[in-house]
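> To be precise about what I am sending: the file is called structure32.csv and holds CSV, C-alpha atoms.
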chain,number,residue,atom,x,y,z
A,18,MET,CA,-50.1,-23.8,-57.0
A,19,LYS,CA,-50.1,-26.8,-54.8
A,20,MET,CA,-46.4,-26.3,-54.3
A,21,ILE,CA,-46.9,-22.7,-53.1
A,22,LYS,CA,-49.7,-23.8,-50.8
A,23,VAL,CA,-47.6,-26.5,-49.3
A,24,LYS,CA,-44.7,-24.1,-48.9
A,25,GLY,CA,-46.9,-21.6,-47.1
A,26,LYS,CA,-48.2,-24.3,-44.8
A,27,HIS,CA,-44.7,-25.3,-44.0
A,28,VAL,CA,-43.6,-21.7,-43.4
A,29,VAL,CA,-46.4,-21.3,-40.9
A,30,LEU,CA,-45.6,-24.5,-39.3
A,31,SER,CA,-42.0,-23.7,-39.1
A,32,LEU,CA,-42.8,-20.4,-37.5
A,33,VAL,CA,-44.9,-22.1,-34.9
A,34,CYS,CA,-42.1,-24.6,-34.3
A,35,LEU,CA,-39.6,-21.7,-34.0
A,36,VAL,CA,-41.7,-20.0,-31.4
A,37,LEU,CA,-42.3,-23.3,-29.5
A,38,GLY,CA,-38.7,-24.2,-29.6
A,39,PHE,CA,-37.6,-20.8,-28.5
A,40,MET,CA,-40.1,-20.8,-25.6
A,41,ILE,CA,-39.2,-24.2,-24.4
A,42,ALA,CA,-35.5,-23.7,-24.7
A,43,PHE,CA,-35.7,-20.3,-23.0
A,44,SER,CA,-37.8,-21.6,-20.2
A,45,TYR,CA,-35.5,-24.5,-19.7
A,46,HIS,CA,-32.5,-22.3,-19.7
A,47,PHE,CA,-34.1,-19.9,-17.3
A,48,THR,CA,-35.2,-22.6,-15.0
A,49,GLN,CA,-31.7,-24.1,-15.0
A,50,LYS,CA,-30.3,-20.8,-14.0
A,51,GLU,CA,-32.8,-20.4,-11.2
A,52,LEU,CA,-32.0,-23.9,-10.0
A,53,ASN,CA,-28.4,-23.0,-10.0
A,54,LYS,CA,-29.2,-19.9,-8.0
A,55,LYS,CA,-31.3,-21.9,-5.6
A,56,ASN,CA,-28.5,-24.4,-5.2
A,57,THR,CA,-26.5,-21.7,-3.6
A,58,ASN,CA,-29.0,-22.1,-0.7
A,59,LEU,CA,-27.5,-24.5,1.6
A,60,THR,CA,-28.2,-28.0,2.5
A,61,SER,CA,-27.5,-29.0,6.1
A,62,GLU,CA,-24.2,-30.5,5.2
A,63,GLN,CA,-23.1,-27.4,3.4
A,64,TRP,CA,-24.5,-25.4,6.3
A,65,GLU,CA,-22.3,-27.3,8.8
A,66,LYS,CA,-19.3,-26.9,6.5
A,67,THR,CA,-20.0,-23.2,6.3
A,68,ILE,CA,-20.3,-22.9,10.0
A,69,ASP,CA,-17.1,-24.8,10.4
A,70,LEU,CA,-15.3,-22.6,8.0
A,71,ARG,CA,-16.7,-19.6,9.6
A,72,ASN,CA,-15.5,-20.7,13.0
A,73,GLN,CA,-12.1,-21.3,11.5
A,74,LEU,CA,-12.2,-17.8,10.0
A,75,ILE,CA,-13.2,-16.3,13.4
A,76,GLU,CA,-10.4,-18.2,15.1
A,77,LEU,CA,-7.9,-17.0,12.5
A,78,GLU,CA,-9.2,-13.4,12.9
A,79,GLU,CA,-8.8,-13.6,16.6
A,80,LEU,CA,-5.4,-14.9,16.2
A,81,ASN,CA,-4.7,-12.2,13.8
A,82,ARG,CA,-5.9,-9.6,16.2
A,83,LYS,CA,-3.8,-11.0,19.0
A,84,LEU,CA,-0.8,-11.0,16.7
A,85,GLN,CA,-1.6,-7.5,15.6
A,86,LYS,CA,-1.7,-6.4,19.2
A,87,GLU,CA,1.6,-8.1,19.8
A,88,LEU,CA,3.0,-6.4,16.8
A,89,ASN,CA,1.8,-3.1,18.0
A,90,GLN,CA,3.4,-3.7,21.4
A,91,LYS,CA,6.6,-4.7,19.8
A,92,GLN,CA,6.5,-1.6,17.6
A,93,ASP,CA,6.0,0.5,20.6
A,94,LYS,CA,9.0,-1.2,22.1
A,95,VAL,CA,11.0,-0.6,19.0
A,96,LEU,CA,9.9,3.0,19.0
A,97,ALA,CA,11.0,3.4,22.6
A,98,ASN,CA,14.3,1.7,21.8
A,99,GLU,CA,14.8,4.0,18.9
A,100,LYS,CA,14.1,7.0,21.1
A,101,ASP,CA,16.6,5.8,23.5
A,102,LEU,CA,19.0,5.2,20.7
A,103,SER,CA,18.5,8.7,19.4
A,104,LYS,CA,19.1,10.1,22.9
A,105,GLU,CA,22.2,8.0,23.1
A,106,ALA,CA,23.2,9.3,19.7
A,107,VAL,CA,22.7,12.8,21.0
A,108,VAL,CA,24.8,12.0,24.0
A,109,TYR,CA,27.4,10.4,21.9
A,110,SER,CA,27.5,13.3,19.5
A,111,THR,CA,27.9,15.7,22.5
A,112,LEU,CA,30.5,13.3,23.8
A,113,ALA,CA,32.2,13.4,20.5
A,114,GLU,CA,32.1,17.2,20.5
A,115,ASP,CA,33.5,17.2,24.0
A,116,ALA,CA,36.2,14.8,23.0
A,117,GLU,CA,37.1,17.0,20.1
A,118,LYS,CA,37.2,20.0,22.5
A,119,TYR,CA,39.3,18.2,25.0
A,120,ARG,CA,41.6,16.9,22.4
A,121,MET,CA,42.0,20.5,21.3
A,122,PHE,CA,42.8,21.6,24.9
A,123,LEU,CA,45.2,18.7,25.2
A,124,GLY,CA,46.9,19.7,22.0
A,125,LYS,CA,46.2,16.4,20.3
A,126,VAL,CA,44.8,18.0,17.2
A,127,LYS,CA,45.7,20.7,14.9
A,128,VAL,CA,43.7,23.9,15.5
A,129,LYS,CA,43.2,26.9,13.4
A,130,GLY,CA,41.5,30.2,14.0
A,131,GLN,CA,41.8,33.9,14.7
A,132,GLY,CA,44.0,35.0,17.4
A,133,VAL,CA,46.9,37.1,18.6
A,134,SER,CA,50.6,36.7,18.6
A,135,VAL,CA,52.7,38.3,21.3
A,136,GLN,CA,56.4,38.6,21.0
A,137,LEU,CA,58.6,39.1,24.0
A,138,SER,CA,62.1,40.1,23.4
A,139,ASP,CA,64.9,40.9,25.8
A,140,GLY,CA,65.4,44.6,26.3
A,141,ALA,CA,68.4,46.3,24.7
A,142,TYR,CA,71.7,46.1,26.5
A,143,ASP,CA,71.9,49.0,28.9
A,144,PRO,CA,75.3,49.6,30.4
A,145,GLU,CA,73.9,51.5,33.3
A,146,GLU,CA,72.0,48.5,34.5
A,147,GLU,CA,74.2,46.3,36.6
A,148,ASN,CA,71.9,43.3,36.7
A,149,ILE,CA,71.3,41.6,33.5
A,150,ASN,CA,68.2,40.0,34.8
A,151,ASN,CA,66.5,43.3,34.8
A,152,TYR,CA,66.1,43.3,31.0
A,153,LEU,CA,65.8,39.6,30.3
A,154,VAL,CA,62.6,37.9,29.7
A,155,HIS,CA,61.9,35.5,32.6
A,156,GLU,CA,59.5,32.7,32.8
A,157,HIS,CA,57.2,34.6,35.1
A,158,HIS,CA,56.8,37.2,32.3
A,159,VAL,CA,55.8,34.4,30.0
A,160,PHE,CA,53.5,33.0,32.7
A,161,LYS,CA,51.8,36.4,33.1
A,162,VAL,CA,51.1,36.6,29.4
A,163,ILE,CA,49.9,33.1,29.1
A,164,ASN,CA,47.7,33.3,32.2
A,165,GLU,CA,46.2,36.6,31.0
A,166,LEU,CA,45.5,35.0,27.6
A,167,TYR,CA,43.9,31.9,29.2
A,168,ILE,CA,41.8,34.1,31.5
A,169,SER,CA,40.5,36.1,28.6
A,170,GLY,CA,39.4,33.0,26.7
A,171,ALA,CA,42.2,31.7,24.6
A,172,ALA,CA,41.4,28.3,23.4
A,173,ALA,CA,44.9,27.2,22.6
A,174,ILE,CA,48.3,28.7,23.1
A,175,ALA,CA,51.7,27.9,21.8
A,176,ILE,CA,55.1,29.2,22.7
A,177,ASN,CA,57.5,29.5,19.8
A,178,GLY,CA,55.2,27.1,18.0
A,179,GLN,CA,55.0,24.5,20.8
A,180,ARG,CA,51.5,23.9,22.1
A,181,LEU,CA,50.8,24.2,25.7
A,182,THR,CA,48.6,21.6,27.3
A,183,SER,CA,46.8,21.3,30.6
A,184,HIS,CA,49.8,19.8,32.1
A,185,SER,CA,52.5,21.8,30.5
A,186,TYR,CA,55.3,23.2,32.6
A,187,ILE,CA,57.6,26.1,32.1
A,188,ILE,CA,60.7,26.5,34.0
A,189,CYS,CA,63.4,29.1,33.9
A,190,ASN,CA,66.7,27.6,32.9
A,191,GLY,CA,69.2,30.4,32.8
A,192,PRO,CA,69.1,32.3,29.6
A,193,VAL,CA,66.5,30.0,28.1
A,194,ILE,CA,63.2,28.7,29.4
A,195,THR,CA,62.1,25.1,29.2
A,196,VAL,CA,58.6,24.3,28.0
A,197,ASP,CA,57.7,20.7,28.6
A,198,GLY,CA,61.4,19.8,28.4
A,199,ILE,CA,62.2,21.7,25.3
A,200,GLN,CA,64.3,24.7,25.6
A,201,HIS,CA,63.4,27.9,23.9
A,202,PRO,CA,65.6,31.0,23.7
A,203,ALA,CA,64.4,34.6,23.5
A,204,PRO,CA,62.5,36.1,21.8
A,205,PHE,CA,59.4,34.2,22.7
A,206,VAL,CA,56.5,34.3,20.4
A,207,ILE,CA,53.3,33.4,22.2
A,208,THR,CA,50.5,32.6,19.8
A,209,ALA,CA,47.0,32.3,21.2
A,210,ILE,CA,43.8,31.3,19.4
A,211,GLY,CA,40.7,33.2,20.6
A,212,ASP,CA,38.8,36.4,19.9
A,213,PRO,CA,41.7,38.7,18.9
A,214,ASP,CA,39.9,41.9,20.0
A,215,VAL,CA,39.3,40.5,23.5
A,216,LEU,CA,42.7,39.0,23.9
A,217,ALA,CA,44.4,42.2,22.7
A,218,ALA,CA,42.2,44.4,25.0
A,219,ALA,CA,43.0,42.1,27.9
A,220,LEU,CA,46.7,42.4,27.3
A,221,ASN,CA,46.5,46.2,26.7
A,222,LEU,CA,44.7,47.0,30.0
A,223,THR,CA,46.2,50.0,31.7
A,224,GLY,CA,48.5,48.7,34.5
A,225,GLY,CA,48.0,45.2,33.0
A,226,VAL,CA,50.4,42.7,31.6
A,227,LYS,CA,51.8,44.9,28.9
A,228,ASP,CA,52.5,47.8,31.2
A,229,GLN,CA,54.1,45.5,33.7
A,230,LEU,CA,56.3,43.9,31.1
A,231,VAL,CA,57.3,47.1,29.6
A,232,ASN,CA,58.2,48.3,33.1
A,233,ASP,CA,60.6,45.3,33.2
A,234,ASN,CA,62.3,46.6,30.1
A,235,ILE,CA,60.9,43.9,27.9
A,236,VAL,CA,60.1,44.6,24.3
A,237,PHE,CA,56.5,43.6,23.9
A,238,THR,CA,54.9,43.3,20.4
A,239,LEU,CA,51.3,42.4,20.0
A,240,GLU,CA,49.9,41.4,16.7
A,241,GLU,CA,46.3,40.5,15.8
A,242,LYS,CA,46.1,37.7,13.3
A,243,SER,CA,43.2,36.5,11.2
A,244,GLU,CA,44.5,33.0,11.0
A,245,ILE,CA,46.7,31.1,13.2
A,246,VAL,CA,47.5,27.4,12.8
A,247,LEU,CA,48.7,25.4,15.8
A,248,ASN,CA,50.1,22.0,15.2
A,249,PRO,CA,49.4,19.2,17.5
A,250,ILE,CA,52.0,17.9,19.9
A,251,LEU,CA,53.6,14.8,18.5
A,252,GLY,CA,55.3,11.9,20.1
A,253,GLN,CA,53.5,12.2,23.4
A,254,SER,CA,50.7,10.2,24.8
B,24,MET,CA,-40.9,-31.2,-44.4
B,25,TRP,CA,-37.5,-30.1,-43.2
B,26,LEU,CA,-38.4,-26.5,-42.8
B,27,PRO,CA,-40.5,-27.0,-39.5
B,28,LEU,CA,-37.7,-29.1,-38.0
B,29,LEU,CA,-35.2,-26.4,-39.0
B,30,GLY,CA,-37.4,-23.8,-37.4
B,31,LEU,CA,-37.6,-25.9,-34.2
B,32,ILE,CA,-33.8,-26.3,-34.0
B,33,VAL,CA,-33.2,-22.6,-34.7
B,34,GLY,CA,-35.7,-21.7,-32.0
B,35,ILE,CA,-34.1,-24.0,-29.5
B,36,LEU,CA,-30.7,-22.6,-30.3
B,37,LEU,CA,-32.0,-19.1,-30.0
B,38,GLY,CA,-33.6,-19.8,-26.7
B,39,LEU,CA,-30.4,-21.4,-25.3
B,40,LEU,CA,-28.1,-18.8,-26.6
B,41,THR,CA,-30.0,-15.7,-25.6
B,42,ASP,CA,-28.9,-14.4,-22.3
B,43,ILE,CA,-31.9,-12.2,-21.6
B,44,ARG,CA,-32.6,-11.8,-17.9
B,45,ILE,CA,-36.3,-11.6,-17.1
B,46,PRO,CA,-37.5,-10.9,-13.5
B,47,GLU,CA,-38.4,-14.0,-11.5
B,48,GLU,CA,-42.0,-13.1,-11.1
B,49,TYR,CA,-42.5,-13.4,-14.8
B,50,SER,CA,-41.2,-16.9,-15.0
B,51,ASN,CA,-44.7,-18.2,-14.2
B,52,TYR,CA,-46.1,-16.6,-17.3
B,53,LEU,CA,-43.4,-18.2,-19.3
B,54,SER,CA,-44.1,-21.7,-18.1
B,55,ILE,CA,-47.8,-21.2,-18.6
B,56,ALA,CA,-47.2,-20.0,-22.1
B,57,VAL,CA,-45.0,-23.1,-22.8
B,58,LEU,CA,-47.8,-25.3,-21.4
B,59,ALA,CA,-50.3,-23.6,-23.7
B,60,ALA,CA,-48.1,-24.0,-26.7
B,61,LEU,CA,-47.6,-27.7,-26.0
B,62,ASP,CA,-51.3,-28.2,-25.5
B,63,THR,CA,-52.1,-26.5,-28.8
B,64,LEU,CA,-49.4,-28.5,-30.5
B,65,PHE,CA,-50.8,-31.8,-29.3
B,66,GLY,CA,-54.3,-30.6,-30.1
B,67,GLY,CA,-53.1,-29.9,-33.6
B,68,ILE,CA,-51.5,-33.4,-33.9
B,69,ARG,CA,-54.7,-35.0,-32.7
B,70,ALA,CA,-56.8,-33.0,-35.1
B,71,HIS,CA,-54.4,-34.0,-37.9
B,72,LEU,CA,-54.8,-37.6,-37.0
B,73,GLN,CA,-58.6,-37.3,-36.8
B,74,ASN,CA,-58.5,-35.5,-40.2
B,75,ILE,CA,-60.2,-32.4,-38.8
B,76,TYR,CA,-57.0,-30.4,-38.9
B,77,ASP,CA,-57.4,-26.8,-39.9
B,78,GLU,CA,-54.3,-24.7,-40.2
B,79,LYS,CA,-56.0,-21.4,-39.4
B,80,VAL,CA,-57.5,-22.8,-36.2
B,81,PHE,CA,-54.2,-24.4,-35.2
B,82,VAL,CA,-52.0,-21.3,-35.8
B,83,SER,CA,-54.5,-18.9,-34.3
B,84,GLY,CA,-55.0,-21.2,-31.4
B,85,PHE,CA,-51.3,-21.6,-30.8
B,86,PHE,CA,-50.6,-17.9,-30.5
B,87,PHE,CA,-53.9,-17.0,-28.9
B,88,ASN,CA,-53.7,-19.7,-26.2
B,89,ILE,CA,-50.2,-18.5,-25.3
B,90,LEU,CA,-51.3,-14.9,-25.0
B,91,LEU,CA,-54.4,-15.9,-23.1
B,92,ALA,CA,-52.5,-18.1,-20.6
B,93,ALA,CA,-50.0,-15.5,-20.0
B,94,SER,CA,-52.6,-12.7,-19.5
B,95,LEU,CA,-54.6,-15.0,-17.3
B,96,ALA,CA,-51.6,-15.6,-15.1
B,97,PHE,CA,-50.9,-11.8,-15.2
B,98,LEU,CA,-54.5,-11.1,-14.2
B,99,GLY,CA,-54.3,-13.7,-11.4
B,100,VAL,CA,-51.2,-12.1,-9.9
B,101,HIS,CA,-52.8,-8.7,-9.9
B,102,LEU,CA,-56.1,-9.9,-8.5
B,103,GLY,CA,-54.4,-12.0,-5.8
B,104,VAL,CA,-55.9,-15.2,-7.1
B,105,ASP,CA,-53.7,-17.9,-8.4
B,106,LEU,CA,-55.4,-18.0,-11.7
B,107,TYR,CA,-52.4,-19.6,-13.4
B,108,LEU,CA,-53.3,-22.7,-11.5
B,109,ALA,CA,-56.6,-22.8,-13.4
B,110,ALA,CA,-54.6,-22.5,-16.7
B,111,VAL,CA,-52.2,-25.2,-15.6
B,112,PHE,CA,-55.0,-27.4,-14.7
B,113,ALA,CA,-57.0,-26.8,-17.8
B,114,PHE,CA,-54.0,-27.2,-20.1
B,115,GLY,CA,-52.7,-30.1,-18.2
B,116,VAL,CA,-56.0,-32.0,-18.4
B,117,ARG,CA,-56.3,-31.2,-22.1
B,118,LEU,CA,-52.7,-32.2,-22.7
B,119,PHE,CA,-53.3,-35.6,-21.2
B,120,GLN,CA,-56.5,-36.1,-23.1
B,121,ASN,CA,-54.9,-35.2,-26.3
B,122,ILE,CA,-52.0,-37.4,-25.8
B,123,ALA,CA,-54.4,-40.3,-24.8
B,124,VAL,CA,-56.4,-39.7,-28.0
B,125,ILE,CA,-53.2,-39.6,-30.1
B,126,ARG,CA,-52.0,-42.8,-28.5
B,127,ARG,CA,-55.3,-44.6,-29.2
B,128,ILE,CA,-55.5,-43.5,-32.8
B,129,LEU,CA,-51.9,-44.5,-33.3
B,130,LEU,CA,-52.6,-47.9,-31.6
B,131,THR,CA,-55.6,-48.6,-33.8
B,132,LYS,CA,-53.7,-47.5,-36.9
B,133,TRP,CA,-50.8,-49.8,-35.9
B,134,SER,CA,-53.0,-52.8,-35.3
B,135,LYS,CA,-54.9,-52.2,-38.6
B,136,SER,CA,-51.7,-52.1,-40.5
B,137,LYS,CA,-50.5,-55.3,-38.8
B,138,GLU,CA,-53.8,-57.0,-39.7
B,139,LYS,CA,-53.3,-55.9,-43.3
B,140,LEU,CA,-49.8,-57.3,-43.2
B,141,GLU,CA,-51.0,-60.6,-41.8
B,142,LYS,CA,-53.8,-60.8,-44.5
B,143,ASN,CA,-51.3,-60.1,-47.2
What is this file in structure tokens?

Amino acid sequence: MKMIKVKGKHVVLSLVCLVLGFMIAFSYHFTQKELNKKNTNLTSEQWEKTIDLRNQLIELEELNRKLQKELNQKQDKVLANEKDLSKEAVVYSTLAEDAEKYRMFLGKVKVKGQGVSVQLSDGAYDPEEENINNYLVHEHHVFKVINELYISGAAAIAINGQRLTSHSYIICNGPVITVDGIQHPAPFVITAIGDPDVLAAALNLTGGVKDQLVNDNIVFTLEEKSEIVLNPILGQS
Amino acid sequence: MWLPLLGLIVGILLGLLTDIRIPEEYSNYLSIAVLAALDTLFGGIRAHLQNIYDEKVFVSGFFFNILLAASLAFLGVHLGVDLYLAAVFAFGVRLFQNIAVIRRILLTKWSKSKEKLEKN
């Protein structure tokens, strides 16, 4: 009985102690936390340090801004340069195209395309005709055909497979004609790259080249071709 | 004997380990309650030493004083009067008185026992 009584007393006391301990500890804990919080408020030293750091930060930010501006300017410059470069690139590409074209005209590269082929052959021997020249193909006949072809837009022309360039020359050399120093006998096959319809029409004009040549007793054969390959001139600068 | 001590330790541990956040304006109530608890505790000790200790009075006083102090502080906040100061004052004075009484009783007991030892 006494034992139970003592126990009950102790239980009550321990309960009281528990509450007390809890309250004290909690209060202490809480106050410590608040103190920690208040410690974030600044003493003058910390204040000065903060201001110092803040000033440093401001300085750095200003520097940053300055550098950023510089960067922007530089980027603008780069952009401008790039634009220039792209313009130059365009110029270069047109130049390259031009160079390609000119090379083609100069006969430095192989060209391929639609075109026409004209064959000029000497006329058949006619015993009535005293002058043999009247049924031979002369260089002026070839000239006529070539000029007509160039006028009507031929991009490249070859005689018997030899390319003509801007400074080619054709001379009459007795029974043969000489093209750039190479002699060619009749029949002459003149191949021209260009719009075949236009070229053929130009040659076939009434009273035009074909009629004139036929009047001079020359056998004139015109052929439209879907693909002609002209080889470059080799061994020449 | 060990049970109350155990209770105290468990209470302290609980108080330190719990991470309950209470608003700052309630921290006053808490401190008042702690003060009341301490006051009652020392009152109990004094009563024990004076042989007028009554458990019922002690326990009821312990909890009642805590509640009373807290509610007084609460009322003070709502009335705009710093009533918790009154509680602090009252408990503080009583605390000191109680401790003084305990000290005197302990002193007299100590001197008596010394005399006894000397006689023997």
> Residues at most 8 Å from region 118-123 of chain B, counting all atoms listed in the file, excluding those fewer than 4 positions away in the same chain, as number ranges by chain?
B: 61-62, 65-66, 69, 114, 127
> Could you write out the selected residues, including C-alpha atoms, as a PDB file, keeping the file's coordinate frame?

ATOM      1  CA  LEU B  61     -47.600 -27.700 -26.000  1.00  0.00           C
ATOM      2  CA  ASP B  62     -51.300 -28.200 -25.500  1.00  0.00           C
ATOM      3  CA  PHE B  65     -50.800 -31.800 -29.300  1.00  0.00           C
ATOM      4  CA  GLY B  66     -54.300 -30.600 -30.100  1.00  0.00           C
ATOM      5  CA  ARG B  69     -54.700 -35.000 -32.700  1.00  0.00           C
ATOM      6  CA  PHE B 114     -54.000 -27.200 -20.100  1.00  0.00           C
ATOM      7  CA  ARG B 127     -55.300 -44.600 -29.200  1.00  0.00           C
TER       8      ARG B 127
END
> With only C-alpha atoms as the atoms that count, which of B:Tyr107, B:Trp25, B:Phe112, B:Trp133 lies nearest to Ser50 (chain B)?
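Answer, going by the shortest atom-to-atom distance: B:Tyr107.
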> Contacts of Asn51 (chain B) at 9 Å or less, counting all atoms listed in the file, minus same-chain residues fewer than 4 places along, as a PyMOL selection string?
chain B and resi 47+55-56+93+96-97+107
> Store the residues picked out above, limited to C-alpha atoms, as an mmCIF file, in the coordinates of the input.

data_model
loop_
_atom_site.group_PDB
_atom_site.id
_atom_site.type_symbol
_atom_site.label_atom_id
_atom_site.label_comp_id
_atom_site.auth_asym_id
_atom_site.auth_seq_id
_atom_site.Cartn_x
_atom_site.Cartn_y
_atom_site.Cartn_z
ATOM 1 C CA GLU B 47 -38.400 -14.000 -11.500
ATOM 2 C CA ILE B 55 -47.800 -21.200 -18.600
ATOM 3 C CA ALA B 56 -47.200 -20.000 -22.100
ATOM 4 C CA ALA B 93 -50.000 -15.500 -20.000
ATOM 5 C CA ALA B 96 -51.600 -15.600 -15.100
ATOM 6 C CA PHE B 97 -50.900 -11.800 -15.200
ATOM 7 C CA TYR B 107 -52.400 -19.600 -13.400
#
> Just to confirm, what's the straight-line distance from CA of Ala173 (chain A) to CA of Ile210 (chain A) in Å (one decimal)?
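One can read the CA of Ala173 (chain A) to CA of Ile210 (chain A) distance as 5.3 Å.
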> Define the interface residues of chain B facing chain A as those within 10 Å, counting all atoms listed in the file, and report them as a PyMOL selection string.
chain B and resi 24-45+47+50-51+53-54+56-61+64+78-79+81-82+85-86
> Quick check, in Å to one decimal: how far apart do CA of Leu91 (chain B) and CA of Ala110 (chain B) lie?
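Rounded to one decimal, the two atoms are 9.2 Å apart.
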> Report the distance between CA of Asp214 (chain A) and CA of Asp197 (chain A) in Å, rounded to one decimal place.
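Between CA of Asp214 (chain A) and CA of Asp197 (chain A) the gap is 29.0 Å.
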> Any idea what's packed within 12 Å of Glu240 (chain A), counting all atoms listed in the file, ignoring anything in its chain fewer than 4 positions away? Could you give it as number ranges by chain?
A: 131-137, 206-209, 213-214, 216-218, 220-221, 244-245
> What lies within 10 Å of Lys227 (chain A) using all atoms listed in the file, ignoring chain neighbours under 4 positions off, as a list of chain:residue names?
A:His158, A:Lys161, A:Val162, A:Ala219, A:Leu220, A:Asn221, A:Leu222, A:Thr223, A:Val231, A:Asn232, A:Asp233, A:Ile235, A:Val236, A:Phe237, A:Thr238, A:Leu239
